[in-house]
Amino acid sequence: MGLMDQKIIKFTYEKNLKDSDFFVSGSNKHVYDFLTSWPHWEKNLVNICGENFSGKSHLINIFIKKFKGVIINTNTFDDESFSSLDIHKNIVLENLNNKINEKLIYTLINTVEQNNKYLIITSYRPISEFNFNLNDLKSRAKNFLIQNIQKPDDELIFALLIKNLSDRQIIIEKKLVNYIVKRIHRSYSKIFDFIYKIDEMSLKKKKSINISLVKEILGE
C-alpha cells in the first residue's frame, strides 16, 4: 500500500470516527444524533432496530456512558430486575425477541411512563411489527418512537472493513477494499462474515490478500 493510500484511508476513516470507535455514516447518523440529543426527545419510549452487527449495542454503550442508566438483556429480564430500576432515569432493554414475558414488558413500560423515565428497547425488527399476544402490549408498542439503523452504505462498509482488518493486523490495498465495497452484500452479517473468512484464510491457510482470494471469499 502506498503512502497516499494510507493517508486516504486514515482520513476517510477518522473524519467520522466517534465515541468508542463508532463510525458515523449516512446509515446510522440519524440514530447517533438522536441518542446524543437526550433528553430532548419527542417520546420517552424509543425502539432502536437493525440487523445483527449493525451497531445497536455500540450505540447503547455510547449513550449509557454519556447519560448514565442501566442495561438489561431480554433473556435475563425477570421480576427481580425491577428492584434495580428505581435509581435510574434511563433504562435499556436489549435484544427484544419472541421469547419475552409479555406481561413483564408491559409492566416495564407502565413503570417507565408512571415515573417519568426513559426506555430504549433494541430489536432486530421494529417493535411495532412484533405479533404480541397481549393486546395492551400491542397497543403500547405503537407508541414507541422507531429509530431504524439502515443497511450499510459504501462509506460505512469501507470503514468497517478497514477498522476490523486493521485490528487483526491484516494489510489490504485500498483498491481491493473499494473492489469489495462495490460487490459485497449490503448486510452487516455478510460484511463481518467476510472479515472472519479473510482473517481465517490469511492466518490459518497462509494465503496473501489479493484479488483471487477476495473473489473466492465473495463467491465470484
# chains A, B, ... in the order shown; residues from 1 in each chain; ligands from 1

call {"tool": "residues_around", "arguments": {"residues": "segment 188-199 of chain A", "least_positions_apart": "3", "cutoff": "7 Å", "atoms": "only C-alpha atoms", "output": "list in words"}}
result
Asn52, Phe53, Ser54, Pro152, Leu165, His185, Ser202, Leu203 and Ile217 of chain A

call {"tool": "residues_around", "arguments": {"residues": "Glu102 of chain A", "least_positions_apart": "6", "cutoff": "10 Å", "atoms": "only C-alpha atoms", "output": "list in words"}}
result
Leu108, Phe132, Asn133, Leu134, Asn135, Asp136, Leu137 and Lys138 of chain A

call {"tool": "atom_distance", "arguments": {"atom1": "atom CA of Asp79 of chain A", "atom2": "atom CA of Ile146 of chain A"}}
result
26.2 Å

call {"tool": "select_by_dssp", "arguments": {"residues": "segment 38-113 of chain A", "states": "helix (DSSP H, G or I)", "output": "ChimeraX atom specification"}}
result
/A:56-67,74-76,79-84,102-113

call {"tool": "write_last_selection", "arguments": {"atoms": "N, CA and C atoms", "output": "compact mmCIF listing (two decimals), in the first residue's frame"}}
result
# COMPACT_ATOMS: atom_id res chain seq x y z
N LYS A 56 -26.15 -1.66 17.25
CA LYS A 56 -27.13 -1.28 18.27
C LYS A 56 -26.50 -1.22 19.66
N SER A 57 -25.79 -2.28 20.03
CA SER A 57 -25.16 -2.33 21.35
C SER A 57 -24.08 -1.26 21.50
N HIS A 58 -23.37 -1.01 20.42
CA HIS A 58 -22.32 0.01 20.43
C HIS A 58 -22.93 1.38 20.71
N LEU A 59 -24.03 1.68 20.05
CA LEU A 59 -24.72 2.95 20.25
C LEU A 59 -25.25 3.07 21.67
N ILE A 60 -25.81 1.98 22.18
CA ILE A 60 -26.34 1.98 23.55
C ILE A 60 -25.23 2.23 24.56
N ASN A 61 -24.09 1.61 24.37
CA ASN A 61 -22.97 1.81 25.29
C ASN A 61 -22.48 3.26 25.28
N ILE A 62 -22.48 3.88 24.10
CA ILE A 62 -22.12 5.29 23.99
C ILE A 62 -23.13 6.14 24.77
N PHE A 63 -24.41 5.82 24.60
CA PHE A 63 -25.48 6.56 25.28
C PHE A 63 -25.35 6.45 26.80
N ILE A 64 -25.18 5.23 27.29
CA ILE A 64 -25.09 5.00 28.73
C ILE A 64 -23.85 5.65 29.32
N LYS A 65 -22.76 5.62 28.59
CA LYS A 65 -21.54 6.25 29.06
C LYS A 65 -21.72 7.76 29.21
N LYS A 66 -22.49 8.33 28.28
CA LYS A 66 -22.68 9.78 28.26
C LYS A 66 -23.77 10.24 29.24
N PHE A 67 -24.87 9.50 29.32
CA PHE A 67 -26.03 9.96 30.09
C PHE A 67 -26.40 9.09 31.30
N THR A 74 -32.92 -8.89 27.46
CA THR A 74 -34.25 -9.51 27.45
C THR A 74 -34.22 -10.93 28.01
N ASN A 75 -33.17 -11.67 27.71
CA ASN A 75 -33.09 -13.08 28.11
C ASN A 75 -32.94 -13.26 29.62
N THR A 76 -32.52 -12.22 30.33
CA THR A 76 -32.34 -12.33 31.79
C THR A 76 -33.32 -11.42 32.55
N ASP A 79 -38.82 -10.63 37.20
CA ASP A 79 -39.45 -9.79 38.24
C ASP A 79 -38.42 -9.09 39.12
N GLU A 80 -37.35 -9.79 39.42
CA GLU A 80 -36.33 -9.23 40.31
C GLU A 80 -35.60 -8.04 39.67
N SER A 81 -35.64 -7.96 38.35
CA SER A 81 -34.95 -6.88 37.65
C SER A 81 -35.51 -5.51 38.02
N PHE A 82 -36.78 -5.46 38.38
CA PHE A 82 -37.42 -4.18 38.68
C PHE A 82 -36.81 -3.49 39.89
N SER A 83 -36.25 -4.29 40.80
CA SER A 83 -35.68 -3.70 42.01
C SER A 83 -34.48 -2.81 41.74
N SER A 84 -33.84 -3.02 40.58
CA SER A 84 -32.65 -2.24 40.24
C SER A 84 -32.94 -1.01 39.37
N GLU A 102 -44.44 -11.20 28.06
CA GLU A 102 -45.14 -10.00 27.62
C GLU A 102 -45.68 -9.17 28.77
N LYS A 103 -46.12 -9.82 29.83
CA LYS A 103 -46.64 -9.08 30.99
C LYS A 103 -45.54 -8.26 31.65
N LEU A 104 -44.32 -8.82 31.67
CA LEU A 104 -43.18 -8.10 32.25
C LEU A 104 -42.85 -6.85 31.44
N ILE A 105 -42.86 -7.00 30.12
CA ILE A 105 -42.55 -5.86 29.25
C ILE A 105 -43.62 -4.78 29.40
N TYR A 106 -44.87 -5.22 29.47
CA TYR A 106 -45.97 -4.27 29.64
C TYR A 106 -45.85 -3.52 30.97
N THR A 107 -45.49 -4.26 32.01
CA THR A 107 -45.29 -3.65 33.33
C THR A 107 -44.12 -2.66 33.30
N LEU A 108 -43.07 -3.04 32.59
CA LEU A 108 -41.91 -2.16 32.47
C LEU A 108 -42.29 -0.84 31.79
N ILE A 109 -43.05 -0.93 30.73
CA ILE A 109 -43.48 0.28 30.01
C ILE A 109 -44.33 1.17 30.93
N ASN A 110 -45.23 0.56 31.65
CA ASN A 110 -46.06 1.32 32.59
C ASN A 110 -45.22 1.99 33.67
N THR A 111 -44.25 1.25 34.19
CA THR A 111 -43.37 1.79 35.24
C THR A 111 -42.60 3.01 34.72
N VAL A 112 -42.10 2.91 33.49
CA VAL A 112 -41.34 4.00 32.88
C VAL A 112 -42.22 5.24 32.72
N GLU A 113 -43.42 5.04 32.23
CA GLU A 113 -44.31 6.18 31.97
C GLU A 113 -44.81 6.81 33.28

call {"tool": "closest_residue", "arguments": {"among": "A:Glu94, A:Asp33, A:Asp154, A:Asp86", "to": "Gln114 of chain A", "atoms": "only C-alpha atoms"}}
result
A:Asp86

call {"tool": "atom_distance", "arguments": {"atom1": "atom CA of Ala141 of chain A", "atom2": "atom CA of Tyr32 of chain A"}}
result
22.0 Å

call {"tool": "atom_distance", "arguments": {"atom1": "atom CA of Glu200 of chain A", "atom2": "atom CA of Val214 of chain A"}}
result
12.6 Å

call {"tool": "select_by_dssp", "arguments": {"residues": "segment 51-135 of chain A", "states": "strand (DSSP E or B)", "output": "ChimeraX atom specification"}}
result
/A:70-73,90-96,118-123

call {"tool": "write_last_selection", "arguments": {"atoms": "N, CA and C atoms", "output": "tab-separated table (two decimals), in the first residue's frame"}}
result
chain	number	residue	atom	x	y	z
A	70	VAL	N	-29.17	2.06	33.04
A	70	VAL	CA	-28.99	0.62	33.27
A	70	VAL	C	-29.36	-0.14	32.00
A	71	ILE	N	-28.60	-1.20	31.72
A	71	ILE	CA	-28.86	-2.04	30.56
A	71	ILE	C	-29.29	-3.42	31.05
A	72	ILE	N	-30.43	-3.90	30.55
A	72	ILE	CA	-30.93	-5.22	30.90
A	72	ILE	C	-31.11	-6.02	29.61
A	73	ASN	N	-30.66	-7.27	29.63
A	73	ASN	CA	-30.86	-8.13	28.47
A	73	ASN	C	-32.21	-8.83	28.57
A	90	ASN	N	-32.65	6.38	32.88
A	90	ASN	CA	-32.64	5.74	31.57
A	90	ASN	C	-32.54	4.22	31.72
A	91	ILE	N	-33.46	3.53	31.07
A	91	ILE	CA	-33.50	2.07	31.11
A	91	ILE	C	-33.40	1.53	29.69
A	92	VAL	N	-32.49	0.58	29.49
A	92	VAL	CA	-32.32	-0.02	28.17
A	92	VAL	C	-32.62	-1.51	28.27
A	93	LEU	N	-33.50	-1.99	27.42
A	93	LEU	CA	-33.79	-3.42	27.33
A	93	LEU	C	-33.28	-3.89	25.98
A	94	GLU	N	-32.25	-4.72	26.01
A	94	GLU	CA	-31.59	-5.14	24.77
A	94	GLU	C	-32.12	-6.46	24.23
A	95	ASN	N	-32.10	-6.55	22.91
A	95	ASN	CA	-32.39	-7.80	22.19
A	95	ASN	C	-33.80	-8.34	22.42
A	96	LEU	N	-34.78	-7.50	22.21
A	96	LEU	CA	-36.17	-7.94	22.29
A	96	LEU	C	-36.40	-9.09	21.31
A	118	TYR	N	-37.09	7.08	30.96
A	118	TYR	CA	-36.90	6.85	29.53
A	118	TYR	C	-36.58	5.39	29.30
A	119	LEU	N	-37.21	4.80	28.29
A	119	LEU	CA	-36.99	3.40	27.97
A	119	LEU	C	-36.53	3.26	26.52
A	120	ILE	N	-35.41	2.59	26.32
A	120	ILE	CA	-34.92	2.26	24.98
A	120	ILE	C	-34.94	0.74	24.85
A	121	ILE	N	-35.61	0.25	23.85
A	121	ILE	CA	-35.63	-1.18	23.55
A	121	ILE	C	-34.93	-1.41	22.22
A	122	THR	N	-33.98	-2.32	22.20
A	122	THR	CA	-33.32	-2.65	20.93
A	122	THR	C	-33.89	-3.97	20.40
A	123	SER	N	-33.95	-4.08	19.09
A	123	SER	CA	-34.51	-5.29	18.49
A	123	SER	C	-34.06	-5.41	17.04

call {"tool": "closest_residue", "arguments": {"among": "A:Phe158, A:Tyr124, A:Trp38, A:Phe144", "to": "Ser25 of chain A", "atoms": "only C-alpha atoms"}}
result
A:Phe158

call {"tool": "closest_residue", "arguments": {"among": "A:Leu218, A:Cys49, A:Ile127, A:Ile149", "to": "His30 of chain A", "atoms": "only C-alpha atoms"}}
result
A:Ile149

call {"tool": "closest_residue", "arguments": {"among": "A:Lys117, A:Asp153, A:Asn143, A:Ile48", "to": "Gly26 of chain A", "atoms": "only C-alpha atoms"}}
result
A:Asp153
